[in-house]
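Heads up, run.cif below (mmCIF, C-alpha atoms and all ligand atoms):
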```cif
data_final
loop_
_atom_site.label_atom_id
_atom_site.label_comp_id
_atom_site.auth_asym_id
_atom_site.auth_seq_id
_atom_site.Cartn_x
_atom_site.Cartn_y
_atom_site.Cartn_z
CA MET S 1 0.00 0.00 0.00
CA PHE S 2 1.25 3.48 -0.86
CA ARG S 3 -0.16 6.82 0.30
CA ILE S 4 1.43 9.76 -1.53
CA HIS S 5 0.49 13.23 -0.35
CA ILE S 6 0.16 15.89 -3.04
CA ASN S 7 0.87 19.26 -1.52
CA ALA S 8 -1.14 21.29 -4.04
CA SER S 9 -3.20 24.44 -3.35
CA GLU S 10 -5.90 22.01 -2.26
CA PRO S 11 -3.86 19.08 -0.88
CA TYR S 12 -4.95 15.47 -1.27
CA ASP S 13 -3.67 11.91 -1.10
CA VAL S 14 -3.10 9.33 -3.79
CA VAL S 15 -3.79 5.91 -2.27
CA ILE S 16 -2.53 2.93 -4.26
CA GLU S 17 -3.78 -0.30 -2.71
CA ASN S 18 -4.94 -3.74 -3.82
CA ASN S 19 -8.65 -4.47 -3.31
CA SER S 20 -9.39 -0.95 -2.06
CA LEU S 21 -12.45 -0.42 -4.30
CA SER S 22 -14.57 -2.96 -2.44
CA HIS S 23 -14.43 -0.68 0.64
CA ILE S 24 -14.13 2.69 -1.07
CA SER S 25 -16.37 4.34 1.55
CA ASP S 26 -13.63 3.83 4.17
CA TYR S 27 -11.46 6.25 2.18
CA ILE S 28 -14.21 8.71 1.26
CA ARG S 29 -16.02 8.93 4.59
CA PRO S 30 -13.21 10.86 6.39
CA LEU S 31 -13.36 13.45 3.59
CA LYS S 32 -17.05 13.65 2.81
CA GLU S 33 -20.27 13.16 4.76
CA PRO S 34 -22.79 10.80 3.14
CA TYR S 35 -24.42 13.21 0.71
CA ARG S 36 -25.25 12.27 -2.86
CA VAL S 37 -22.71 10.76 -5.22
CA ILE S 38 -22.62 10.49 -9.00
CA ILE S 39 -20.39 7.75 -10.40
CA VAL S 40 -19.22 8.45 -13.95
CA SER S 41 -17.82 5.52 -15.93
CA ASP S 42 -17.63 4.00 -19.41
CA ASP S 43 -19.32 0.92 -20.82
CA ASN S 44 -16.19 -1.26 -20.43
CA VAL S 45 -15.44 -0.39 -16.83
CA ALA S 46 -18.97 -0.01 -15.44
CA PRO S 47 -20.01 -3.68 -15.91
CA LEU S 48 -16.83 -4.74 -14.08
CA TYR S 49 -16.72 -2.41 -11.07
CA LEU S 50 -19.66 -0.02 -10.79
CA LYS S 51 -21.99 -2.39 -8.95
CA MET S 52 -19.36 -3.10 -6.28
CA VAL S 53 -18.56 0.60 -5.74
CA LYS S 54 -22.24 1.52 -5.64
CA ALA S 55 -23.10 -1.24 -3.18
CA ASN S 56 -20.34 -0.21 -0.79
CA LEU S 57 -21.25 3.48 -0.90
CA THR S 58 -24.96 2.81 -0.53
CA GLY S 59 -24.24 0.57 2.45
CA ALA S 60 -22.32 3.47 4.01
CA GLY S 61 -25.31 5.80 3.66
CA TYR S 62 -24.51 7.58 0.40
CA SER S 63 -27.25 8.04 -2.18
CA VAL S 64 -25.78 7.07 -5.56
CA CYS S 65 -26.69 7.80 -9.19
CA GLU S 66 -24.64 6.83 -12.23
CA TYR S 67 -23.73 8.08 -15.69
CA VAL S 68 -22.22 5.54 -18.09
CA PHE S 69 -21.13 6.47 -21.61
CA PRO S 70 -19.51 4.57 -24.53
CA HIS S 71 -15.75 4.04 -24.11
CA GLY S 72 -13.09 5.67 -26.25
CA GLU S 73 -11.24 8.90 -26.91
CA ASP S 74 -13.90 9.98 -29.45
CA GLU S 75 -16.29 10.39 -26.51
CA LYS S 76 -14.07 12.95 -24.75
CA ASN S 77 -15.88 15.79 -26.48
CA ALA S 78 -18.04 18.82 -25.79
CA THR S 79 -21.33 17.10 -26.68
CA ARG S 80 -20.70 14.27 -24.22
CA LEU S 81 -19.61 16.73 -21.53
CA ILE S 82 -22.80 18.77 -21.88
CA ASP S 83 -24.92 15.61 -21.76
CA LEU S 84 -23.17 14.69 -18.50
CA VAL S 85 -23.66 18.08 -16.82
CA GLU S 86 -27.31 18.17 -17.98
CA TYR S 87 -27.75 14.78 -16.29
CA MET S 88 -26.13 16.12 -13.12
CA ALA S 89 -28.57 19.03 -13.13
CA ASP S 90 -31.53 16.67 -13.79
CA GLN S 91 -30.44 14.72 -10.73
CA SER S 92 -30.46 18.01 -8.76
CA LEU S 93 -26.92 17.44 -7.52
CA THR S 94 -25.82 20.24 -5.21
CA ARG S 95 -22.49 21.80 -4.28
CA LYS S 96 -22.18 19.45 -1.30
CA ASP S 97 -22.37 16.37 -3.51
CA LEU S 98 -19.53 14.30 -4.91
CA LEU S 99 -18.52 12.99 -8.32
CA ILE S 100 -16.49 9.79 -8.67
CA ALA S 101 -14.64 9.25 -11.96
CA LEU S 102 -14.35 5.47 -12.31
CA GLY S 103 -12.29 4.52 -15.35
CA GLY S 104 -9.34 5.41 -17.53
CA GLY S 105 -8.06 8.82 -18.57
CA VAL S 106 -11.03 9.54 -20.82
CA VAL S 107 -13.49 9.18 -17.94
CA GLY S 108 -11.16 11.00 -15.55
CA ASP S 109 -10.49 13.97 -17.82
CA MET S 110 -14.12 14.51 -18.83
CA ALA S 111 -15.79 13.77 -15.50
CA GLY S 112 -13.13 15.90 -13.79
CA PHE S 113 -14.00 18.81 -16.08
CA ALA S 114 -17.70 18.36 -15.29
CA ALA S 115 -16.83 18.49 -11.57
CA ALA S 116 -14.64 21.55 -12.12
CA THR S 117 -17.45 23.54 -13.74
CA TYR S 118 -20.84 22.19 -12.55
CA LEU S 119 -22.20 24.79 -10.09
CA ARG S 120 -18.74 26.41 -10.43
CA GLY S 121 -17.11 23.33 -8.98
CA ILE S 122 -17.95 20.31 -6.82
CA ASP S 123 -15.64 17.80 -5.13
CA TYR S 124 -14.52 14.77 -7.08
CA VAL S 125 -12.53 11.58 -6.58
CA GLN S 126 -10.38 9.96 -9.26
CA VAL S 127 -10.56 6.16 -9.37
CA PRO S 128 -8.14 5.24 -12.17
CA THR S 129 -8.65 1.75 -13.62
CA SER S 130 -6.18 1.89 -16.54
CA LEU S 131 -2.39 1.84 -16.14
CA LEU S 132 -2.11 5.16 -17.96
CA ALA S 133 -4.65 6.81 -15.67
CA ALA S 134 -2.96 5.33 -12.59
CA VAL S 135 0.50 6.68 -13.44
CA ASP S 136 -0.50 9.99 -14.96
CA SER S 137 -3.95 11.35 -15.79
CA SER S 138 -5.63 10.82 -12.40
CA VAL S 139 -3.02 12.93 -10.59
CA GLY S 140 -2.39 16.66 -10.89
CA GLY S 141 -5.82 18.10 -11.58
CA LYS S 142 -5.72 18.62 -15.34
CA THR S 143 -9.22 18.08 -16.72
CA ALA S 144 -10.39 18.62 -20.29
CA VAL S 145 -12.25 17.52 -23.39
CA ASN S 146 -11.01 17.60 -26.98
CA LEU S 147 -12.16 20.14 -29.56
CA LYS S 148 -12.17 19.63 -33.34
CA ALA S 149 -8.99 21.74 -33.50
CA GLY S 150 -7.06 19.52 -31.11
CA LYS S 151 -6.58 17.58 -27.89
CA ASN S 152 -7.57 18.86 -24.46
CA LEU S 153 -8.27 22.39 -25.68
CA TRP S 154 -11.29 22.99 -23.39
CA GLY S 155 -10.53 22.30 -19.78
CA ALA S 156 -9.70 23.48 -16.29
CA PHE S 157 -7.35 22.81 -13.42
CA LYS S 158 -9.25 21.16 -10.58
CA GLN S 159 -7.55 18.94 -8.03
CA PRO S 160 -9.50 15.88 -6.83
CA ILE S 161 -10.06 15.41 -3.08
CA LEU S 162 -8.66 11.86 -3.38
CA VAL S 163 -7.14 9.52 -5.93
CA LEU S 164 -7.88 5.87 -5.12
CA CYS S 165 -6.06 3.36 -7.29
CA ASP S 166 -7.04 -0.28 -6.75
CA THR S 167 -4.32 -2.12 -8.64
CA THR S 168 -6.40 -5.31 -8.84
CA THR S 169 -8.57 -3.54 -11.46
CA LEU S 170 -5.56 -3.83 -13.80
CA ASP S 171 -6.22 -7.59 -13.93
CA THR S 172 -9.05 -6.95 -16.40
CA LEU S 173 -7.14 -4.36 -18.44
CA PRO S 174 -6.45 -5.60 -21.99
CA ARG S 175 -2.77 -6.13 -22.91
CA LYS S 176 -2.86 -3.28 -25.44
CA GLU S 177 -3.82 -0.89 -22.61
CA TRP S 178 -0.90 -2.13 -20.50
CA ILE S 179 1.34 -1.36 -23.47
CA ASN S 180 -0.26 2.07 -23.82
CA GLY S 181 0.38 2.87 -20.14
CA CYS S 182 4.04 1.90 -20.56
CA GLY S 183 4.46 4.85 -22.97
CA GLU S 184 3.79 7.33 -20.13
CA ILE S 185 5.85 5.27 -17.65
CA ILE S 186 8.94 5.42 -19.89
CA LYS S 187 8.32 9.18 -20.21
CA TYR S 188 8.72 9.48 -16.42
CA GLY S 189 12.06 7.71 -16.68
CA PHE S 190 13.29 10.61 -18.82
CA LEU S 191 12.23 13.14 -16.18
CA ASP S 192 15.21 12.57 -13.89
CA VAL S 193 14.21 9.01 -12.92
CA PRO S 194 16.87 7.03 -14.85
CA GLY S 195 16.65 4.19 -12.29
CA LEU S 196 13.14 3.49 -13.59
CA LEU S 197 14.54 3.01 -17.10
CA THR S 198 17.15 0.57 -15.76
CA GLN S 199 14.46 -1.37 -13.90
CA LEU S 200 12.35 -1.63 -17.07
CA GLU S 201 15.38 -2.64 -19.13
CA ASN S 202 16.16 -5.46 -16.70
CA LYS S 203 12.59 -6.74 -16.87
CA PRO S 204 9.89 -5.12 -19.04
CA LEU S 205 6.76 -4.35 -17.03
CA LEU S 206 4.64 -6.51 -19.37
CA GLU S 207 6.51 -9.56 -18.02
CA ASN S 208 6.71 -8.25 -14.48
CA ARG S 209 3.16 -7.20 -13.66
CA GLU S 210 3.52 -7.89 -9.96
CA LYS S 211 5.83 -4.87 -9.86
CA ALA S 212 3.11 -2.59 -11.27
CA ILE S 213 2.13 -1.23 -7.85
CA ASP S 214 5.73 -0.12 -7.13
CA ILE S 215 6.14 1.41 -10.57
CA ILE S 216 2.82 3.28 -10.32
CA ALA S 217 3.93 4.69 -6.96
CA ARG S 218 7.29 5.75 -8.43
CA CYS S 219 5.60 7.59 -11.31
CA VAL S 220 3.02 9.23 -9.03
CA GLN S 221 5.81 10.44 -6.73
CA ALA S 222 7.68 11.86 -9.75
CA LYS S 223 4.52 13.65 -10.87
CA ALA S 224 3.83 14.90 -7.33
CA ASP S 225 7.33 16.40 -7.15
CA ILE S 226 6.69 18.37 -10.35
CA VAL S 227 3.05 19.37 -9.68
CA GLU S 228 3.95 20.64 -6.20
CA GLN S 229 6.48 23.02 -7.74
CA ASP S 230 4.22 24.24 -10.55
CA GLU S 231 0.55 23.30 -10.26
CA ARG S 232 -0.73 25.37 -13.20
CA GLU S 233 2.07 24.74 -15.67
CA SER S 234 3.77 28.09 -15.74
CA GLY S 235 7.20 26.39 -15.64
CA VAL S 236 8.57 22.94 -14.87
CA ARG S 237 5.22 21.12 -15.19
CA ALA S 238 5.61 21.45 -18.95
CA LEU S 239 8.30 18.73 -18.64
CA LEU S 240 5.43 16.25 -18.24
CA ASN S 241 4.67 16.92 -21.89
CA LEU S 242 7.74 15.06 -23.14
CA GLY S 243 6.66 13.28 -26.33
CA HIS S 244 3.35 15.16 -26.41
CA THR S 245 4.18 17.95 -28.92
CA PHE S 246 4.23 15.47 -31.81
CA GLY S 247 2.21 12.88 -29.87
CA HIS S 248 -0.97 14.95 -29.86
CA GLY S 249 -0.63 15.46 -33.63
CA ILE S 250 -0.17 11.70 -34.12
CA GLU S 251 -3.34 10.99 -32.12
CA LYS S 252 -5.34 13.56 -34.06
CA ALA S 253 -4.03 12.66 -37.53
CA SER S 254 -4.74 8.97 -36.85
CA HIS S 255 -8.30 9.87 -35.75
CA PHE S 256 -7.36 8.46 -32.33
CA LYS S 257 -6.59 5.01 -33.79
CA ILE S 258 -3.13 5.49 -32.27
CA PRO S 259 -3.86 5.87 -28.54
CA HIS S 260 -2.24 8.42 -26.25
CA GLY S 261 0.58 6.34 -24.71
CA ASN S 262 1.59 4.89 -28.11
CA ALA S 263 1.59 8.39 -29.61
CA VAL S 264 3.73 9.69 -26.73
CA ALA S 265 6.23 6.86 -27.40
CA ILE S 266 6.60 7.87 -31.07
CA GLY S 267 6.67 11.54 -30.05
CA MET S 268 9.58 10.89 -27.67
CA VAL S 269 11.57 9.15 -30.41
CA LEU S 270 10.93 11.97 -32.91
CA MET S 271 12.00 14.60 -30.37
CA ALA S 272 15.09 12.60 -29.37
CA GLN S 273 16.10 12.18 -33.04
CA GLY S 274 15.72 15.95 -33.51
CA ALA S 275 17.75 16.58 -30.36
CA VAL S 276 20.67 14.61 -31.83
CA HIS S 277 20.84 17.23 -34.59
CA HIS S 278 19.96 20.38 -32.63
CA ASP S 279 21.01 19.77 -29.02
CA ASN S 280 24.02 17.45 -29.28
CA LEU S 281 22.11 14.52 -27.80
CA ASN S 282 24.26 11.39 -27.97
CA PRO S 283 22.70 9.14 -30.70
CA THR S 284 23.09 6.12 -28.40
CA VAL S 285 20.26 7.61 -26.28
CA VAL S 286 17.89 7.27 -29.26
CA THR S 287 19.00 3.67 -29.78
CA LYS S 288 18.45 2.81 -26.10
CA LEU S 289 15.07 4.58 -26.03
CA LYS S 290 13.86 2.71 -29.12
CA LYS S 291 15.03 -0.60 -27.66
CA LEU S 292 13.18 0.00 -24.38
CA LEU S 293 9.99 1.05 -26.18
CA ALA S 294 10.18 -2.01 -28.45
CA ALA S 295 10.65 -4.25 -25.40
CA HIS S 296 7.30 -2.88 -24.23
CA GLU S 297 5.77 -3.48 -27.68
CA LEU S 298 5.42 0.26 -28.28
CA PRO S 299 5.79 1.84 -31.75
CA THR S 300 8.85 3.96 -32.53
CA GLU S 301 7.94 5.47 -35.91
CA THR S 302 4.99 6.83 -37.87
CA SER S 303 4.04 7.32 -41.49
CA ILE S 304 2.07 10.49 -40.64
CA ARG S 305 3.43 13.41 -42.68
CA ALA S 306 5.59 16.05 -40.97
CA ASP S 307 3.26 18.82 -42.19
CA GLU S 308 0.33 17.30 -40.32
CA LEU S 309 2.34 17.04 -37.11
CA LEU S 310 3.58 20.62 -37.43
CA GLU S 311 0.08 21.94 -38.14
CA ALA S 312 -1.23 20.17 -35.01
CA ALA S 313 1.64 21.64 -32.97
CA LYS S 314 0.41 25.14 -33.85
CA HIS S 315 -2.79 24.37 -31.89
CA ASP S 316 -0.85 22.95 -28.97
CA LYS S 317 -1.44 24.72 -25.65
CA LYS S 318 2.34 25.21 -25.37
CA SER S 319 2.32 27.37 -28.50
CA GLN S 320 2.60 31.13 -28.02
CA GLY S 321 2.49 33.14 -31.22
CA ASP S 322 5.33 31.97 -33.46
CA THR S 323 7.01 29.98 -30.72
CA ILE S 324 6.36 26.76 -28.85
CA LYS S 325 7.80 25.30 -25.65
CA ILE S 326 9.14 21.80 -26.31
CA VAL S 327 10.64 19.09 -24.09
CA VAL S 328 13.98 17.79 -25.33
CA PRO S 329 15.85 14.74 -24.01
CA THR S 330 19.36 15.76 -22.90
CA ASP S 331 20.59 12.32 -21.79
CA TYR S 332 19.21 8.86 -21.01
CA GLY S 333 16.83 9.68 -18.16
CA HIS S 334 16.97 13.46 -18.40
CA SER S 335 15.17 16.21 -20.36
CA LYS S 336 14.94 20.01 -20.51
CA LEU S 337 12.49 22.66 -21.66
CA LYS S 338 13.34 24.76 -24.70
CA VAL S 339 11.47 27.46 -26.63
CA VAL S 340 11.74 27.24 -30.42
CA THR S 341 9.96 28.87 -33.35
CA HIS S 342 7.55 26.73 -35.34
CA GLU S 343 10.06 26.88 -38.20
CA GLU S 344 12.80 25.56 -35.91
CA LEU S 345 10.42 22.80 -34.77
CA ARG S 346 10.21 21.66 -38.40
CA GLY S 347 13.95 21.03 -38.21
CA TYR S 348 13.39 18.51 -35.40
CA LEU S 349 11.45 16.23 -37.75
CA VAL S 350 14.59 14.97 -39.43
P1 LIG S 401 -9.26 5.26 -21.76
O1 LIG S 401 -9.91 5.94 -20.64
O2 LIG S 401 -9.93 5.30 -23.09
O3 LIG S 401 -9.04 3.73 -21.32
C1 LIG S 401 -8.50 2.83 -22.26
C2 LIG S 401 -9.45 1.64 -22.48
O4 LIG S 401 -9.34 0.76 -21.39
C3 LIG S 401 -10.92 2.02 -22.60
O5 LIG S 401 -11.53 1.20 -23.58
C4 LIG S 401 -11.47 1.68 -21.22
O6 LIG S 401 -12.83 1.37 -21.25
C5 LIG S 401 -10.64 0.48 -20.87
N1 LIG S 401 -10.44 0.21 -19.45
C6 LIG S 401 -10.03 1.09 -18.50
N2 LIG S 401 -9.86 0.45 -17.34
C7 LIG S 401 -10.16 -0.85 -17.55
C8 LIG S 401 -10.13 -2.02 -16.74
N3 LIG S 401 -9.70 -1.98 -15.48
N4 LIG S 401 -10.53 -3.18 -17.29
C9 LIG S 401 -10.92 -3.25 -18.58
N5 LIG S 401 -10.93 -2.20 -19.41
C10 LIG S 401 -10.55 -1.01 -18.88
O7 LIG S 401 -7.79 5.79 -22.00
P2 LIG S 401 -6.52 5.93 -21.03
O8 LIG S 401 -5.39 5.36 -21.79
O9 LIG S 401 -6.81 5.45 -19.68
O10 LIG S 401 -6.35 7.52 -20.94
C11 LIG S 401 -6.08 8.28 -22.08
C12 LIG S 401 -6.61 9.68 -21.88
O11 LIG S 401 -5.94 10.29 -20.77
C13 LIG S 401 -6.37 10.58 -23.08
O12 LIG S 401 -7.54 11.30 -23.36
C14 LIG S 401 -5.28 11.53 -22.61
O13 LIG S 401 -5.34 12.78 -23.25
C15 LIG S 401 -5.59 11.62 -21.14
N6 LIG S 401 -4.46 12.04 -20.30
C16 LIG S 401 -4.68 13.03 -19.39
C17 LIG S 401 -3.67 13.43 -18.54
C18 LIG S 401 -3.95 14.46 -17.48
O14 LIG S 401 -3.01 14.90 -16.82
N7 LIG S 401 -5.19 14.85 -17.26
C19 LIG S 401 -2.41 12.83 -18.62
C20 LIG S 401 -2.21 11.82 -19.56
C21 LIG S 401 -3.25 11.43 -20.39
N1 LIG S 402 0.23 14.86 -18.29
C1 LIG S 402 0.62 16.24 -18.25
C2 LIG S 402 0.35 16.91 -16.94
O1 LIG S 402 -0.30 16.38 -16.07
O2 LIG S 402 0.79 18.00 -16.76
#
```
Would you write out, as structure tokens, the structure that this file holds?
Ligand code: NAD
Ligand code: GLY
Amino acid sequence: MFRIHINASEPYDVVIENNSLSHISDYIRPLKEPYRVIIVSDDNVAPLYLKMVKANLTGAGYSVCEYVFPHGEDEKNATRLIDLVEYMADQSLTRKDLLIALGGGVVGDMAGFAAATYLRGIDYVQVPTSLLAAVDSSVGGKTAVNLKAGKNLWGAFKQPILVLCDTTTLDTLPRKEWINGCGEIIKYGFLDVPGLLTQLENKPLLENREKAIDIIARCVQAKADIVEQDERESGVRALLNLGHTFGHGIEKASHFKIPHGNAVAIGMVLMAQGAVHHDNLNPTVVTKLKKLLAAHELPTETSIRADELLEAAKHDKKSQGDTIKIVVPTDYGHSKLKVVTHEELRGYLV
């Protein structure tokens, strides 16, 4: 069991514990009286876990309603968000009530945004059930939906009151989603956690699933260290976007057929290859990165045209006028922020 405290403007804990979902009320009760609760989930996760969560909360005196929507990144959109908040209003949820986001990053990002804005903000709990959500999206309070112009363009910062990760839920996660989560995990290795890369080299996580709880905790601690310094991404938090500048373009150009963690993996390789030419990165770092990604069955290249990736980068939230803030690997396990013009960014796609 791990309990990692996030010292944000509104502090909270990330609890990572096997079998914690079956007694979720034990974690929520100290934070929230038994008012009403809405559980938001998708149609893959709800049949597996919603009944159990609902039964436990109801038994503890909470009155529970639920909103379940079709799974997939396509659903993280404005229409779905409005349908959700309309449902919350129909249910007459008040400011004292609680939202629980039960699912992967799509559920967490969209339900979190609903919580951030419904009645100008109600409390919410993140219950990540995918590896990617456990290591990244459930922590740090970034919530959003996608717009036609790009990923996560409509959103808000809103910290949850608790993140509860029951690692036994990963038992039902399809292999391709484990692979996807490994993209973000390897990203953390490049944010001054080189020991994580060594651990994954020695035994890829896909063959070492019993170590998932330790690795999740390591990533959450790395994210906590960054978020505590810069909650609203005015500085170092942008490091968490390693691989995302081109990654978001890859997701969009593929119409989300290439999922987030896979796109981040390719994005890291593209940026590392560019850094060899523009930042004197040792080419052996690219070789080692590609080998580690391949060992986790992640892609390392794309046939998507450079123009499409560069066009998407113009809509990236890290763009400001003619310039964009990028994250560049400087060594195996280390990265830095750099501001370049969009024309200079073109040069990175060697
Ligand atoms: P996802 O929510 O679509 O989940 C992936 C798939 O796994 C879905 O089909 C889902 O139904 C299924 N699933 C989830 N848990 C399961 C379980 N325990 N058993 C069986 N199936 C399960 O996607 P994701 O990879 O979790 O998250 C990706 C999203 O997260 C993207 O939209 C990305 O932009 C966002 N993200 C946000 C942040 C942030 O800081 N807010 C950080 C990284 C990524
Ligand atoms: N995943 C990027 C962030 O949380 O800042």
Provide the atom CA of Tyr348 of chain S to atom CA of Gly267 of chain S distance in Å, to one decimal place.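 Taking atom CA of Tyr348 of chain S as the start and atom CA of Gly267 of chain S as the end point, the length is 11.1 Å.
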Could you build a table of the residues in chain S lying no more than 7 Å from ligand LIG 401 (chain S), giving for each the nearest pair of atoms and their separation in Å rounded to one decimal place, using only C-alpha atoms and all ligand atoms, ordered by chain and ascending residue number, as CSV?
```
residue,atom,partner,partner_atom,distance
S:Asp42,CA,S:LIG401,O6,5.8
S:Asp43,CA,S:LIG401,O6,6.5
S:Asn44,CA,S:LIG401,O6,4.3
S:Val45,CA,S:LIG401,C10,5.3
S:His71,CA,S:LIG401,O6,4.9
S:Gly72,CA,S:LIG401,O2,4.5
S:Glu73,CA,S:LIG401,O2,5.4
S:Lys76,CA,S:LIG401,O12,6.9
S:Gly103,CA,S:LIG401,N2,5.1
S:Gly104,CA,S:LIG401,O1,3.2
S:Gly105,CA,S:LIG401,O10,3.2
S:Val106,CA,S:LIG401,O1,3.8
S:Val107,CA,S:LIG401,O1,5.5
S:Asp109,CA,S:LIG401,N7,5.4
S:Thr129,CA,S:LIG401,N2,4.1
S:Ser130,CA,S:LIG401,N2,4.0
S:Leu131,CA,S:LIG401,O9,6.7
S:Leu132,CA,S:LIG401,O9,5.0
S:Ala133,CA,S:LIG401,O9,4.8
S:Asp136,CA,S:LIG401,C19,5.0
S:Ser137,CA,S:LIG401,C17,3.5
S:Ser138,CA,S:LIG401,N7,6.3
S:Val139,CA,S:LIG401,O14,6.5
S:Gly140,CA,S:LIG401,O14,6.2
S:Gly141,CA,S:LIG401,N7,6.6
S:Lys142,CA,S:LIG401,N7,4.3
S:Thr143,CA,S:LIG401,N7,5.2
S:Lys151,CA,S:LIG401,O13,6.8
S:Asn152,CA,S:LIG401,O13,6.6
S:Thr169,CA,S:LIG401,N3,4.5
S:Leu170,CA,S:LIG401,N3,4.8
S:Asp171,CA,S:LIG401,N3,6.8
S:Thr172,CA,S:LIG401,N4,4.1
S:Leu173,CA,S:LIG401,N4,3.8
S:Pro174,CA,S:LIG401,C9,6.1
S:Glu177,CA,S:LIG401,O4,5.9
S:Asn180,CA,S:LIG401,O8,6.4
S:Gly181,CA,S:LIG401,O8,6.5
S:Pro259,CA,S:LIG401,O8,6.9
S:His260,CA,S:LIG401,C13,5.6
S:Gly261,CA,S:LIG401,O8,6.7
```
All residues 12 Å or closer to Thr168 of chain S, only C-alpha atoms, same chain fewer than 5 positions away omitted, as a PyMOL selection string: chain S and resi 16-22+48-49+128-131+134+173+209-210+212-213
Would you pick out the contacts of Val276 of chain S at 12 Å or less, using all atoms listed in the file, so that residues sharing its chain but fewer than 6 positions from it are not included, and give the list as number ranges by chain? S: 269-270, 282-287, 328-331, 347-350
May I have the residues from that selection written out with C-alpha atoms, as a PDB file, in the coordinates of the input?
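The result, written out as result_1.pdb:
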```
ATOM      1  CA  VAL S 269      11.570   9.150 -30.410  1.00  0.00           C
ATOM      2  CA  LEU S 270      10.930  11.970 -32.910  1.00  0.00           C
ATOM      3  CA  ASN S 282      24.260  11.390 -27.970  1.00  0.00           C
ATOM      4  CA  PRO S 283      22.700   9.140 -30.700  1.00  0.00           C
ATOM      5  CA  THR S 284      23.090   6.120 -28.400  1.00  0.00           C
ATOM      6  CA  VAL S 285      20.260   7.610 -26.280  1.00  0.00           C
ATOM      7  CA  VAL S 286      17.890   7.270 -29.260  1.00  0.00           C
ATOM      8  CA  THR S 287      19.000   3.670 -29.780  1.00  0.00           C
ATOM      9  CA  VAL S 328      13.980  17.790 -25.330  1.00  0.00           C
ATOM     10  CA  PRO S 329      15.850  14.740 -24.010  1.00  0.00           C
ATOM     11  CA  THR S 330      19.360  15.760 -22.900  1.00  0.00           C
ATOM     12  CA  ASP S 331      20.590  12.320 -21.790  1.00  0.00           C
ATOM     13  CA  GLY S 347      13.950  21.030 -38.210  1.00  0.00           C
ATOM     14  CA  TYR S 348      13.390  18.510 -35.400  1.00  0.00           C
ATOM     15  CA  LEU S 349      11.450  16.230 -37.750  1.00  0.00           C
ATOM     16  CA  VAL S 350      14.590  14.970 -39.430  1.00  0.00           C
TER      17      VAL S 350
END
```
Of the candidates S:Phe256, S:Tyr332, S:Phe157, S:Tyr67, which shows the shortest atom-to-atom distance to Lys290 of chain S, using only C-alpha atoms? S:Tyr332
Identify, on the basis of only C-alpha atoms, every residue whose closest approach to segment 34-36 of chain S does not exceed 6 Å; exclude the query and any residue fewer than 5 positions from it along the same chain; express the result as a PyMOL selection string. chain S and resi 61-64+97
Near-Ile185 of chain S list (10 Å; all atoms listed in the file; drop same-chain fewer than 2 positions) as an mmCIF file with C-alpha atoms, in the coordinates of the input:
```cif
data_model
loop_
_atom_site.group_PDB
_atom_site.id
_atom_site.type_symbol
_atom_site.label_atom_id
_atom_site.label_comp_id
_atom_site.auth_asym_id
_atom_site.auth_seq_id
_atom_site.Cartn_x
_atom_site.Cartn_y
_atom_site.Cartn_z
ATOM 1 C CA LEU S 131 -2.390 1.840 -16.140
ATOM 2 C CA LEU S 132 -2.110 5.160 -17.960
ATOM 3 C CA VAL S 135 0.500 6.680 -13.440
ATOM 4 C CA ASP S 136 -0.500 9.990 -14.960
ATOM 5 C CA ILE S 179 1.340 -1.360 -23.470
ATOM 6 C CA ASN S 180 -0.260 2.070 -23.820
ATOM 7 C CA GLY S 181 0.380 2.870 -20.140
ATOM 8 C CA CYS S 182 4.040 1.900 -20.560
ATOM 9 C CA GLY S 183 4.460 4.850 -22.970
ATOM 10 C CA LYS S 187 8.320 9.180 -20.210
ATOM 11 C CA TYR S 188 8.720 9.480 -16.420
ATOM 12 C CA GLY S 189 12.060 7.710 -16.680
ATOM 13 C CA PHE S 190 13.290 10.610 -18.820
ATOM 14 C CA LEU S 196 13.140 3.490 -13.590
ATOM 15 C CA LEU S 197 14.540 3.010 -17.100
ATOM 16 C CA LEU S 200 12.350 -1.630 -17.070
ATOM 17 C CA LEU S 205 6.760 -4.350 -17.030
ATOM 18 C CA ILE S 215 6.140 1.410 -10.570
ATOM 19 C CA ILE S 216 2.820 3.280 -10.320
ATOM 20 C CA ARG S 218 7.290 5.750 -8.430
ATOM 21 C CA CYS S 219 5.600 7.590 -11.310
ATOM 22 C CA VAL S 220 3.020 9.230 -9.030
ATOM 23 C CA GLY S 261 0.580 6.340 -24.710
ATOM 24 C CA ALA S 265 6.230 6.860 -27.400
#
```
Counting all atoms listed in the file, figure out which residue out of S:Ile186, S:Ala114, S:Val163, S:Ala224 gets nearest to ligand LIG 402 (chain S).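 For ligand LIG 402 (chain S), the nearest of the given residues is S:Ala224.
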List as a PDB file with C-alpha atoms, in the frame of the given file the protein and nucleic acid residues near Leu240 of chain S, meaning an atom at most 8 Å away when only C-alpha atoms are counted, but skip any in the same chain fewer than 2 places from it.
```pdb
ATOM      1  CA  LYS S 187       8.320   9.180 -20.210  1.00  0.00           C
ATOM      2  CA  TYR S 188       8.720   9.480 -16.420  1.00  0.00           C
ATOM      3  CA  LEU S 191      12.230  13.140 -16.180  1.00  0.00           C
ATOM      4  CA  LYS S 223       4.520  13.650 -10.870  1.00  0.00           C
ATOM      5  CA  ARG S 237       5.220  21.120 -15.190  1.00  0.00           C
ATOM      6  CA  ALA S 238       5.610  21.450 -18.950  1.00  0.00           C
ATOM      7  CA  LEU S 242       7.740  15.060 -23.140  1.00  0.00           C
TER       8      LEU S 242
END
```
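Our summary of the geometry notes that atom CA of Glu297 of chain S is positioned 19.5 Å from atom CA of Phe246 of chain S.
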